[in-house]
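Dumped start.cif below, it's mmCIF, C-alpha atoms:
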data_model
loop_
_atom_site.label_atom_id
_atom_site.label_comp_id
_atom_site.auth_asym_id
_atom_site.auth_seq_id
_atom_site.Cartn_x
_atom_site.Cartn_y
_atom_site.Cartn_z
CA MET E 19 129.31 115.99 96.02
CA LYS E 20 128.12 112.78 94.37
CA LEU E 21 131.68 111.45 94.50
CA VAL E 22 131.89 112.09 98.26
CA GLN E 23 128.60 110.28 98.78
CA LEU E 24 129.79 107.29 96.76
CA LEU E 25 133.11 107.19 98.65
CA LEU E 26 131.25 107.27 101.99
CA LEU E 27 128.99 104.46 100.78
CA ILE E 28 131.96 102.31 99.72
CA MET E 29 133.73 102.92 103.04
CA PHE E 30 130.56 101.92 104.91
CA LEU E 31 130.27 98.75 102.83
CA VAL E 32 133.90 97.81 103.56
CA ILE E 33 133.42 98.31 107.31
CA LEU E 34 130.19 96.30 107.19
CA GLY E 35 132.00 93.50 105.38
CA PHE E 36 134.71 93.33 108.04
CA LEU E 37 132.12 93.33 110.82
CA SER E 38 130.06 90.55 109.23
CA TYR E 39 133.24 88.51 108.72
CA GLU E 40 133.96 88.90 112.44
CA LEU E 41 130.42 87.73 113.24
CA ALA E 42 130.64 84.75 110.92
CA THR E 43 133.94 83.47 112.34
CA ASP E 44 134.34 82.37 115.94
CA SER E 45 134.57 85.72 117.64
CA LEU E 46 131.99 84.70 120.24
CA PRO E 47 132.65 82.06 122.93
CA VAL E 48 131.03 79.10 121.17
CA ASN E 49 130.54 76.90 124.22
CA GLU E 50 128.44 79.41 126.12
CA VAL E 51 126.29 80.17 123.08
CA ASN E 52 125.68 76.48 122.42
CA GLN E 53 124.78 75.83 126.06
CA LEU E 54 122.31 78.72 126.08
CA GLU E 55 120.83 77.59 122.76
CA SER E 56 120.32 74.01 123.87
CA HIS E 57 118.85 75.19 127.17
CA TYR E 58 116.36 77.43 125.36
CA LEU E 59 115.42 74.66 122.91
CA LYS E 60 114.87 72.08 125.67
CA ALA E 61 113.17 74.36 128.19
CA SER E 62 110.74 75.91 125.75
CA ARG E 63 108.92 72.62 125.15
CA LYS E 64 109.27 71.01 128.53
CA ASP E 65 108.94 73.83 131.05
CA HIS E 66 107.02 76.44 129.06
CA GLY E 67 104.67 74.27 127.00
CA THR E 68 105.30 76.19 123.77
CA TYR E 69 106.66 74.97 120.44
CA ASN E 70 107.79 78.29 119.01
CA VAL E 71 111.09 79.12 120.71
CA VAL E 72 111.04 82.75 119.57
CA THR E 73 107.75 83.34 121.38
CA VAL E 74 109.18 81.87 124.57
CA VAL E 75 112.31 84.03 124.31
CA LEU E 76 110.23 87.16 123.71
CA GLY E 77 107.46 86.42 126.14
CA ASP E 78 109.15 84.59 128.98
CA PHE E 79 112.95 84.71 129.07
CA ARG E 80 113.01 88.37 128.09
CA ALA E 81 109.57 89.46 129.23
CA PHE E 82 110.87 92.62 130.87
CA ASP E 83 112.46 93.70 127.59
CA THR E 84 109.13 93.20 125.79
CA LEU E 85 107.30 95.17 128.50
CA LEU E 86 109.57 98.15 127.95
CA GLU E 87 109.18 97.87 124.15
CA THR E 88 105.42 97.97 124.58
CA ILE E 89 105.67 101.05 126.79
CA VAL E 90 107.94 102.72 124.19
CA ILE E 91 105.32 102.19 121.46
CA PHE E 92 102.61 103.46 123.82
CA ILE E 93 104.56 106.66 124.55
CA ALA E 94 105.48 107.16 120.86
CA SER E 95 101.85 107.09 119.72
CA LEU E 96 100.79 109.50 122.47
CA SER E 97 103.62 111.92 121.68
CA VAL E 98 102.71 111.95 117.95
CA LEU E 99 99.13 112.73 118.92
CA PHE E 100 100.18 115.63 121.11
CA THR E 101 102.58 117.13 118.58
CA ARG E 102 99.91 117.02 115.86
CA ASN E 103 97.42 118.87 118.09
CA PHE E 104 95.05 116.09 117.26
CA LEU E 105 92.37 116.02 119.91
CA THR E 106 91.66 119.71 120.45
CA ASP E 107 89.21 120.71 117.73
CA SER E 108 86.27 118.52 116.85
CA HIS E 109 84.61 118.04 113.50
CA ARG E 110 80.96 117.65 114.26
CA GLN E 111 78.64 116.04 111.78
CA SER E 112 75.64 113.82 112.27
CA PHE E 113 75.56 110.29 110.90
CA ARG E 114 72.63 111.08 108.58
CA GLU E 115 74.50 113.92 106.87
CA PHE E 116 77.49 111.65 106.51
CA VAL E 117 75.49 108.93 104.78
CA GLU E 118 73.83 111.43 102.44
CA GLU E 119 77.19 112.83 101.36
CA PHE E 120 78.79 109.46 101.21
CA ASP E 121 76.45 108.06 98.58
CA PHE E 122 78.00 110.06 95.77
CA MET E 123 81.36 110.82 97.30
CA TYR E 124 83.28 107.60 96.79
CA SER E 125 83.32 104.89 94.20
CA SER E 126 81.35 101.75 94.89
CA VAL E 127 84.38 99.64 93.95
CA SER E 128 86.46 100.70 96.94
CA ARG E 129 83.50 100.46 99.30
CA ASN E 130 82.48 96.95 98.25
CA SER E 131 86.03 95.64 98.21
CA PHE E 132 86.53 97.08 101.69
CA VAL E 133 83.48 95.18 102.94
CA LEU E 134 84.92 91.97 101.48
CA VAL E 135 88.45 92.44 102.75
CA PHE E 136 87.87 93.87 106.23
CA PRO E 137 86.62 90.69 108.02
CA LEU E 138 89.34 88.61 106.32
CA ILE E 139 92.09 90.89 107.63
CA ILE E 140 90.60 90.78 111.14
CA LEU E 141 90.37 86.96 110.97
CA PHE E 142 93.99 86.66 109.81
CA GLY E 143 95.15 88.96 112.62
CA LEU E 144 93.34 86.88 115.23
CA TYR E 145 94.80 83.67 113.71
CA VAL E 146 98.33 85.07 113.91
CA PHE E 147 97.74 86.12 117.52
CA ILE E 148 96.34 82.77 118.69
CA HIS E 149 98.86 80.63 116.77
CA GLY E 150 101.86 82.52 118.13
CA HIS E 151 102.68 79.46 120.28
CA TYR E 152 102.95 77.09 117.30
CA SER E 153 103.90 79.08 114.20
CA PRO E 154 105.68 82.36 113.38
CA GLY E 155 103.68 85.28 114.63
CA GLY E 156 102.68 86.72 117.93
CA GLY E 157 101.65 89.95 119.53
CA PHE E 158 103.50 92.54 117.45
CA GLN E 159 102.63 91.11 114.03
CA ALA E 160 99.00 90.44 114.95
CA GLY E 161 98.67 93.97 116.31
CA VAL E 162 99.94 95.56 113.11
CA ILE E 163 97.73 93.32 110.93
CA LEU E 164 94.65 94.24 112.98
CA ALA E 165 95.62 97.91 112.81
CA SER E 166 95.98 97.69 109.02
CA ALA E 167 92.27 96.77 108.80
CA PHE E 168 91.35 100.01 110.55
CA ILE E 169 93.86 101.94 108.43
CA VAL E 170 92.08 100.64 105.32
CA TYR E 171 88.84 101.92 106.82
CA SER E 172 90.47 105.29 107.33
CA TYR E 173 91.61 105.43 103.71
CA VAL E 174 88.35 104.23 102.13
CA TYR E 175 85.84 106.11 104.28
CA ALA E 176 87.27 109.65 104.28
CA ASN E 177 89.63 110.28 107.15
CA LYS E 178 87.20 112.81 108.57
CA TYR E 179 84.51 110.44 109.74
CA ASN E 180 84.76 108.15 112.72
CA PHE E 181 81.86 106.10 114.00
CA GLY E 182 81.36 103.18 116.29
CA PHE E 183 84.46 101.10 116.83
CA PHE E 184 86.62 103.45 114.79
CA MET E 185 86.65 106.31 117.27
CA ASP E 186 90.08 107.56 118.25
CA ARG E 187 88.91 107.96 121.82
CA TYR E 188 88.46 104.19 122.16
CA ALA E 189 91.87 103.60 120.59
CA ILE E 190 93.55 105.67 123.31
CA ILE E 191 91.74 103.67 126.02
CA ILE E 192 92.69 100.32 124.39
CA ASN E 193 96.26 101.58 124.13
CA PHE E 194 96.39 101.97 127.88
CA VAL E 195 94.50 98.73 128.62
CA GLY E 196 97.15 96.67 126.76
CA VAL E 197 99.99 97.99 128.90
CA ALA E 198 97.84 97.55 132.01
CA ILE E 199 97.20 93.85 131.23
CA TYR E 200 100.92 93.22 130.80
CA PHE E 201 101.79 95.06 134.01
CA THR E 202 99.06 93.26 135.98
CA VAL E 203 100.47 89.86 135.05
CA GLY E 204 103.89 91.06 136.18
CA MET E 205 102.54 92.31 139.49
CA LEU E 206 100.72 88.98 140.10
CA GLY E 207 104.07 87.23 139.81
CA PHE E 208 105.52 89.78 142.20
CA LEU E 209 102.75 89.21 144.75
CA PHE E 210 102.70 85.39 144.76
CA LYS E 211 106.28 84.41 143.84
CA ASN E 212 108.29 87.54 144.74
CA VAL E 213 109.62 87.79 141.16
CA PHE E 214 108.31 90.38 138.71
CA LEU E 215 106.80 88.74 135.58
CA ASP E 216 107.02 85.19 136.99
CA TYR E 217 104.10 83.38 135.35
CA GLU E 218 104.00 80.81 138.14
CA GLY E 219 102.32 83.57 140.13
CA LEU E 220 99.07 82.95 138.21
CA VAL E 221 98.09 80.49 140.93
CA PHE E 222 94.35 80.53 140.29
CA LEU E 223 94.79 78.94 136.84
CA GLY E 224 96.02 75.55 138.06
CA SER E 225 99.12 73.80 139.32
CA ASN E 226 100.76 72.53 136.12
CA LEU E 227 103.78 74.81 135.64
CA ALA E 228 104.06 74.33 131.85
CA THR E 229 100.41 75.31 131.41
CA LEU E 230 100.88 78.33 133.66
CA HIS E 231 103.81 79.55 131.55
CA SER E 232 101.92 78.95 128.31
CA VAL E 233 98.80 80.79 129.52
CA GLY E 234 100.93 83.62 130.93
CA ILE E 235 102.62 84.12 127.56
CA LEU E 236 99.18 84.13 125.88
CA ILE E 237 97.89 86.81 128.27
CA ILE E 238 100.86 89.13 127.80
CA GLU E 239 100.62 88.61 124.02
CA LEU E 240 97.02 89.82 124.30
CA GLY E 241 98.28 92.98 126.02
CA VAL E 242 100.97 93.50 123.38
CA THR E 243 98.44 92.95 120.58
CA LEU E 244 96.02 95.54 121.97
CA THR E 245 98.75 98.13 122.52
CA VAL E 246 100.42 97.68 119.14
CA MET E 247 97.07 97.66 117.31
CA SER E 248 95.78 100.88 118.81
CA SER E 249 99.10 102.72 118.78
CA THR E 250 99.76 101.87 115.10
CA TYR E 251 96.28 103.12 114.25
CA LEU E 252 96.81 106.29 116.29
CA LEU E 253 100.24 106.91 114.70
CA PHE E 254 98.61 106.67 111.28
CA ARG E 255 95.76 108.98 112.27
CA GLY E 256 98.17 111.48 113.77
CA LEU E 257 100.26 111.55 110.59
CA TYR E 258 97.40 111.43 108.09
CA CYS E 259 94.89 113.92 109.48
CA GLU E 260 95.60 117.60 109.20
CA ASN E 261 95.31 119.63 112.36
CA GLY E 262 91.86 119.38 113.87
CA GLU E 263 90.41 117.71 110.81
CA GLY E 264 89.64 114.13 111.63
CA ILE E 265 88.11 113.83 115.05
CA ASP E 266 85.47 111.67 116.63
CA GLU E 267 82.20 112.74 118.24
CA MET V 25 120.81 76.64 94.47
CA PHE V 26 120.97 78.46 97.79
CA ILE V 27 123.97 80.51 96.66
CA VAL V 28 122.29 81.46 93.38
CA ILE V 29 119.15 82.72 95.14
CA ALA V 30 121.25 84.59 97.70
CA CYS V 31 123.33 86.28 94.98
CA VAL V 32 120.23 87.34 93.04
CA LEU V 33 118.68 88.74 96.20
CA ILE V 34 121.81 90.69 97.14
CA ILE V 35 122.05 92.25 93.67
CA LEU V 36 118.36 93.19 93.79
CA LEU V 37 118.73 94.65 97.29
CA ILE V 38 121.69 96.83 96.33
CA THR V 39 120.09 98.09 93.12
CA VAL V 40 116.80 98.92 94.84
CA ALA V 41 118.60 100.69 97.69
CA LEU V 42 120.67 102.75 95.22
CA LEU V 43 117.55 103.61 93.21
CA SER V 44 115.70 104.76 96.33
CA LEU V 45 118.69 106.90 97.33
CA THR V 46 119.30 108.48 93.92
CA SER V 47 115.76 109.06 92.61
CA ASN V 48 114.68 112.71 92.45
CA ASP V 49 110.98 112.23 93.14
CA ILE V 50 110.24 111.53 96.80
CA VAL V 51 107.21 109.34 95.96
CA VAL V 52 109.33 107.10 93.73
CA SER V 53 111.95 106.94 96.46
CA THR V 54 109.29 105.77 98.94
CA PHE V 55 108.15 103.07 96.50
CA PHE V 56 111.67 101.72 96.18
CA PHE V 57 112.03 101.77 99.95
CA ALA V 58 108.96 99.54 100.19
CA PHE V 59 110.49 97.20 97.59
CA PHE V 60 113.68 97.08 99.65
CA SER V 61 111.69 95.91 102.70
CA ALA V 62 109.84 93.36 100.59
CA TYR V 63 113.11 91.85 99.32
CA PHE V 64 114.49 91.82 102.84
CA THR V 65 111.66 89.47 103.91
CA PHE V 66 113.07 86.86 101.48
CA VAL V 67 116.54 87.37 102.90
CA TRP V 68 115.33 86.71 106.45
CA ALA V 69 113.36 83.67 105.26
CA ILE V 70 116.43 82.23 103.53
CA LEU V 71 118.51 82.79 106.67
CA GLY V 72 115.94 80.76 108.64
CA ALA V 73 114.50 83.58 110.74
CA ILE V 74 110.83 83.18 109.82
CA ASP V 75 109.58 85.28 112.72
CA VAL V 76 111.81 88.21 111.78
CA SER V 77 110.77 87.81 108.15
CA PHE V 78 107.10 87.98 109.12
CA THR V 79 107.73 91.09 111.22
CA GLU V 80 109.64 92.71 108.35
CA ALA V 81 106.79 91.98 105.94
CA VAL V 82 104.15 93.37 108.27
CA VAL V 83 105.96 96.36 109.77
CA GLY V 84 108.65 97.24 107.24
CA ALA V 85 106.78 96.72 103.99
CA GLY V 86 103.27 97.38 105.31
CA ALA V 87 103.01 99.82 108.18
CA ALA V 88 106.11 101.92 107.45
CA THR V 89 105.04 102.46 103.82
CA THR V 90 101.55 103.57 104.85
CA PHE V 91 103.11 105.95 107.37
CA PHE V 92 105.34 107.43 104.65
CA PHE V 93 102.44 107.91 102.27
CA ALA V 94 100.22 109.34 105.00
CA THR V 95 102.90 111.91 105.75
CA LEU V 96 103.39 112.66 102.04
CA THR V 97 99.68 113.27 101.44
CA VAL V 98 99.69 115.89 104.19
CA LEU V 99 103.05 117.48 103.40
CA LEU V 100 103.12 117.64 99.60
CA PRO V 101 101.65 120.75 97.88
CA LYS V 102 98.04 120.47 96.74
CA GLU V 103 98.81 119.90 93.05
CA LYS V 104 100.96 116.91 93.85
CA LYS V 105 98.61 115.24 96.32
CA ILE V 106 98.35 111.53 95.70
CA ASN V 107 94.86 111.22 97.10
CA GLU V 108 93.32 113.97 94.99
CA ASN V 109 90.66 112.42 92.83
CA LYS V 110 88.93 114.96 90.66
CA MET V 111 86.42 112.49 89.29
CA PHE V 112 84.79 112.26 92.68
CA ASP V 113 85.16 115.87 93.77
CA PHE V 114 82.41 116.00 96.37
CA LYS V 115 81.73 119.76 96.34
CA LYS V 116 81.35 120.03 92.57
CA ILE V 117 78.99 117.07 92.39
CA LYS V 118 76.86 118.47 95.18
CA LYS V 119 76.56 121.80 93.35
CA LEU V 120 75.49 119.99 90.20
CA LYS V 121 72.87 118.04 92.11
CA THR V 122 71.38 121.12 93.72
CA LYS V 123 71.15 122.87 90.32
CA GLU V 124 69.15 120.05 88.88
#
Take the structure from the file and write it as structure tokens.
Amino acid sequence: MKLVQLLLLIMFLVILGFLSYELATDSLPVNEVNQLESHYLKASRKDHGTYNVVTVVLGDFRAFDTLLETIVIFIASLSVLFTRNFLTDSHRQSFREFVEEFDFMYSSVSRNSFVLVFPLIILFGLYVFIHGHYSPGGGFQAGVILASAFIVYSYVYANKYNFGFFMDRYAIIINFVGVAIYFTVGMLGFLFKNVFLDYEGLVFLGSNLATLHSVGILIIELGVTLTVMSSTYLLFRGLYCENGEGIDE
Amino acid sequence: MFIVIACVLIILLITVALLSLTSNDIVVSTFFFAFFSAYFTFVWAILGAIDVSFTEAVVGAGAATTFFFATLTVLLPKEKKINENKMFDFKKIKKLKTKE
């Protein structure tokens, strides 16, 4: 059995080698690729007012693709929640009882280090989100970094207890709000310019087209960030909590 | 210099992938999978795709590993639970406190 596995692995490696050789040599029409590349590189600075070409490609040239990716993540998190039977039973406990138990339940090391690390993670996530136009980063990465802060909360403070901002109910609402922001920007383009996701439809923000594109990308990145943040957190909660164990209220 | 770094990375990648495939313990296998993602970030960075490298570091090495471990803590039998910390067993300590 081991031998068969090894043979399959070697066959796969050989096929992969041939395919990568095909990619490396000129199997693609070079002229078209070069034209597209130079167009992207020129247009991203001049017409879209953004220095990071990857952000422009994700947020403007292929905005519809990104919209569908966001909706896929949204649906995935909801489906995990429903399969885990997550929101049916509720674990009721008052905040005072929680604090009394908590005092001798967990080590002070993890609590204090959480207090130190939590604001730094949030700050780094916001930095990555806002600097998506200039440096590597953007909506998806910032969303996962922000979600990781809340995941740390869920690990340190037992997964049972949710208070304040950490309620799963709010996460579901934020999950929807992110997709709604993205879709609203698309519909504004449809209303004013007759093209779905045309950022020149944001007429009330000014008349400079480069600025309009830049601001439009920033707004849809906000939607992506919110959706990815809440859906990553919900995916984690759905996988980590046993049935009906960790619920808000 | 570039070729040397690339060769070292490829050897590391293949060994880590084989280790994660062949290890018997599922927790060890998950650890090696995380290492695989971490090495892949360097590969993307060397190839010049910094954005992809950043995404790999955040999603592949960070979020996916936490998802794996979250699933393992729920699925593994109680003796093997990673999160079980008998020093801070809440129920026992509470009983002790009430006795005093």
Per residue of chain V within 7 Å of chain E, what are the shortest atom pair and its distance in Å to one decimal, counting all atoms listed in the file, with rows by chain and residue number, as a Markdown table?
| residue | atom | partner | partner_atom | distance |
| --- | --- | --- | --- | --- |
| V:Ile74 | CA | E:Pro154 | CA | 6.3 |
| V:Asp75 | CA | E:Pro154 | CA | 4.9 |
| V:Thr79 | CA | E:Gln159 | CA | 5.8 |
| V:Val82 | CA | E:Gln159 | CA | 6.4 |
| V:Val83 | CA | E:Val162 | CA | 6.9 |
| V:Phe91 | CA | E:Phe254 | CA | 6.0 |
| V:Ala94 | CA | E:Tyr258 | CA | 4.7 |
| V:Thr95 | CA | E:Leu257 | CA | 5.5 |
| V:Val98 | CA | E:Tyr258 | CA | 6.4 |
| V:Phe112 | CA | E:Met123 | CA | 5.9 |
| V:Phe114 | CA | E:Met123 | CA | 5.4 |
Where does the PyMOL selection byres ((chain V and resi 52-66) around 10) land in this file, that is, which residues does it pick, as a CSV table (one decimal) with C-alpha atoms, in the coordinates of the input?
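New file out-v8.csv:
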chain,number,residue,atom,x,y,z
V,29,ILE,CA,119.2,82.7,95.1
V,30,ALA,CA,121.2,84.6,97.7
V,33,LEU,CA,118.7,88.7,96.2
V,34,ILE,CA,121.8,90.7,97.1
V,36,LEU,CA,118.4,93.2,93.8
V,37,LEU,CA,118.7,94.6,97.3
V,38,ILE,CA,121.7,96.8,96.3
V,39,THR,CA,120.1,98.1,93.1
V,40,VAL,CA,116.8,98.9,94.8
V,41,ALA,CA,118.6,100.7,97.7
V,42,LEU,CA,120.7,102.8,95.2
V,43,LEU,CA,117.6,103.6,93.2
V,44,SER,CA,115.7,104.8,96.3
V,45,LEU,CA,118.7,106.9,97.3
V,46,THR,CA,119.3,108.5,93.9
V,47,SER,CA,115.8,109.1,92.6
V,48,ASN,CA,114.7,112.7,92.4
V,49,ASP,CA,111.0,112.2,93.1
V,50,ILE,CA,110.2,111.5,96.8
V,51,VAL,CA,107.2,109.3,96.0
V,67,VAL,CA,116.5,87.4,102.9
V,68,TRP,CA,115.3,86.7,106.4
V,69,ALA,CA,113.4,83.7,105.3
V,70,ILE,CA,116.4,82.2,103.5
V,71,LEU,CA,118.5,82.8,106.7
V,72,GLY,CA,115.9,80.8,108.6
V,73,ALA,CA,114.5,83.6,110.7
V,74,ILE,CA,110.8,83.2,109.8
V,75,ASP,CA,109.6,85.3,112.7
V,76,VAL,CA,111.8,88.2,111.8
V,77,SER,CA,110.8,87.8,108.2
V,78,PHE,CA,107.1,88.0,109.1
V,79,THR,CA,107.7,91.1,111.2
V,80,GLU,CA,109.6,92.7,108.4
V,81,ALA,CA,106.8,92.0,105.9
V,82,VAL,CA,104.2,93.4,108.3
V,83,VAL,CA,106.0,96.4,109.8
V,84,GLY,CA,108.6,97.2,107.2
V,85,ALA,CA,106.8,96.7,104.0
V,86,GLY,CA,103.3,97.4,105.3
V,87,ALA,CA,103.0,99.8,108.2
V,88,ALA,CA,106.1,101.9,107.4
V,89,THR,CA,105.0,102.5,103.8
V,90,THR,CA,101.6,103.6,104.8
V,92,PHE,CA,105.3,107.4,104.6
V,93,PHE,CA,102.4,107.9,102.3
V,96,LEU,CA,103.4,112.7,102.0
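Rounded to one decimal, CA of Val133 in chain E and CA of Gly196 in chain E lie 27.5 Å from each other.
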Gap from CA of Asp186 in chain E to CA of Ser97 in chain E - Å, one decimal: 14.6 Å
The PyMOL selection byres ((chain E and resi 249) around 7) resolved against shown file, as an NGL selection string: :E and (91-92 or 95 or 193 or 245-248 or 250-253)
Do you know which residues are at most 12 Å from Pro137 in chain E counting all atoms listed in the file, after dropping those on the same chain fewer than 5 positions away, and could you put them as a CSV table (one decimal) with C-alpha atoms, in the frame of the given file?
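As written to disk, result-v6.csv reads:
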chain,number,residue,atom,x,y,z
E,131,SER,CA,86.0,95.6,98.2
E,132,PHE,CA,86.5,97.1,101.7
E,142,PHE,CA,94.0,86.7,109.8
E,143,GLY,CA,95.2,89.0,112.6
E,144,LEU,CA,93.3,86.9,115.2
E,163,ILE,CA,97.7,93.3,110.9
E,164,LEU,CA,94.6,94.2,113.0
E,166,SER,CA,96.0,97.7,109.0
E,167,ALA,CA,92.3,96.8,108.8
E,168,PHE,CA,91.4,100.0,110.6
E,170,VAL,CA,92.1,100.6,105.3
E,171,TYR,CA,88.8,101.9,106.8
Let me have the centre and edge lengths of the axis-aligned box enclosing all listed atoms of range 223-234 of chain E with 6 Å padding on every side, in Å to one decimal, as lines of an AutoDock Vina configuration file.
center_x = 99.4
center_y = 78.1
center_z = 133.8
size_x = 21.3
size_y = 23.1
size_z = 23.0
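The two atoms in question, CA of His149 in chain E and CA of Leu230 in chain E, are spaced 17.2 Å apart.
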Hits from the PyMOL selection byres ((chain E and resi 232) around 9), listed as a PyMOL selection string: chain E and resi 66-68+74+151+217+227-231+233-237
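For the set E:Tyr145, E:Tyr152, E:Phe36, E:Phe82, the residue with the smallest atom-to-atom gap to Arg63 in chain E is E:Tyr152, counting all atoms listed in the file.
Once Gly241 in chain E and its same-chain neighbours fewer than 5 positions away are set aside, Gly157, Val195, Gly196, Val197, Ala198, Ile199 and Tyr200 of chain E remain within 8 Å of it when counting only C-alpha atoms.
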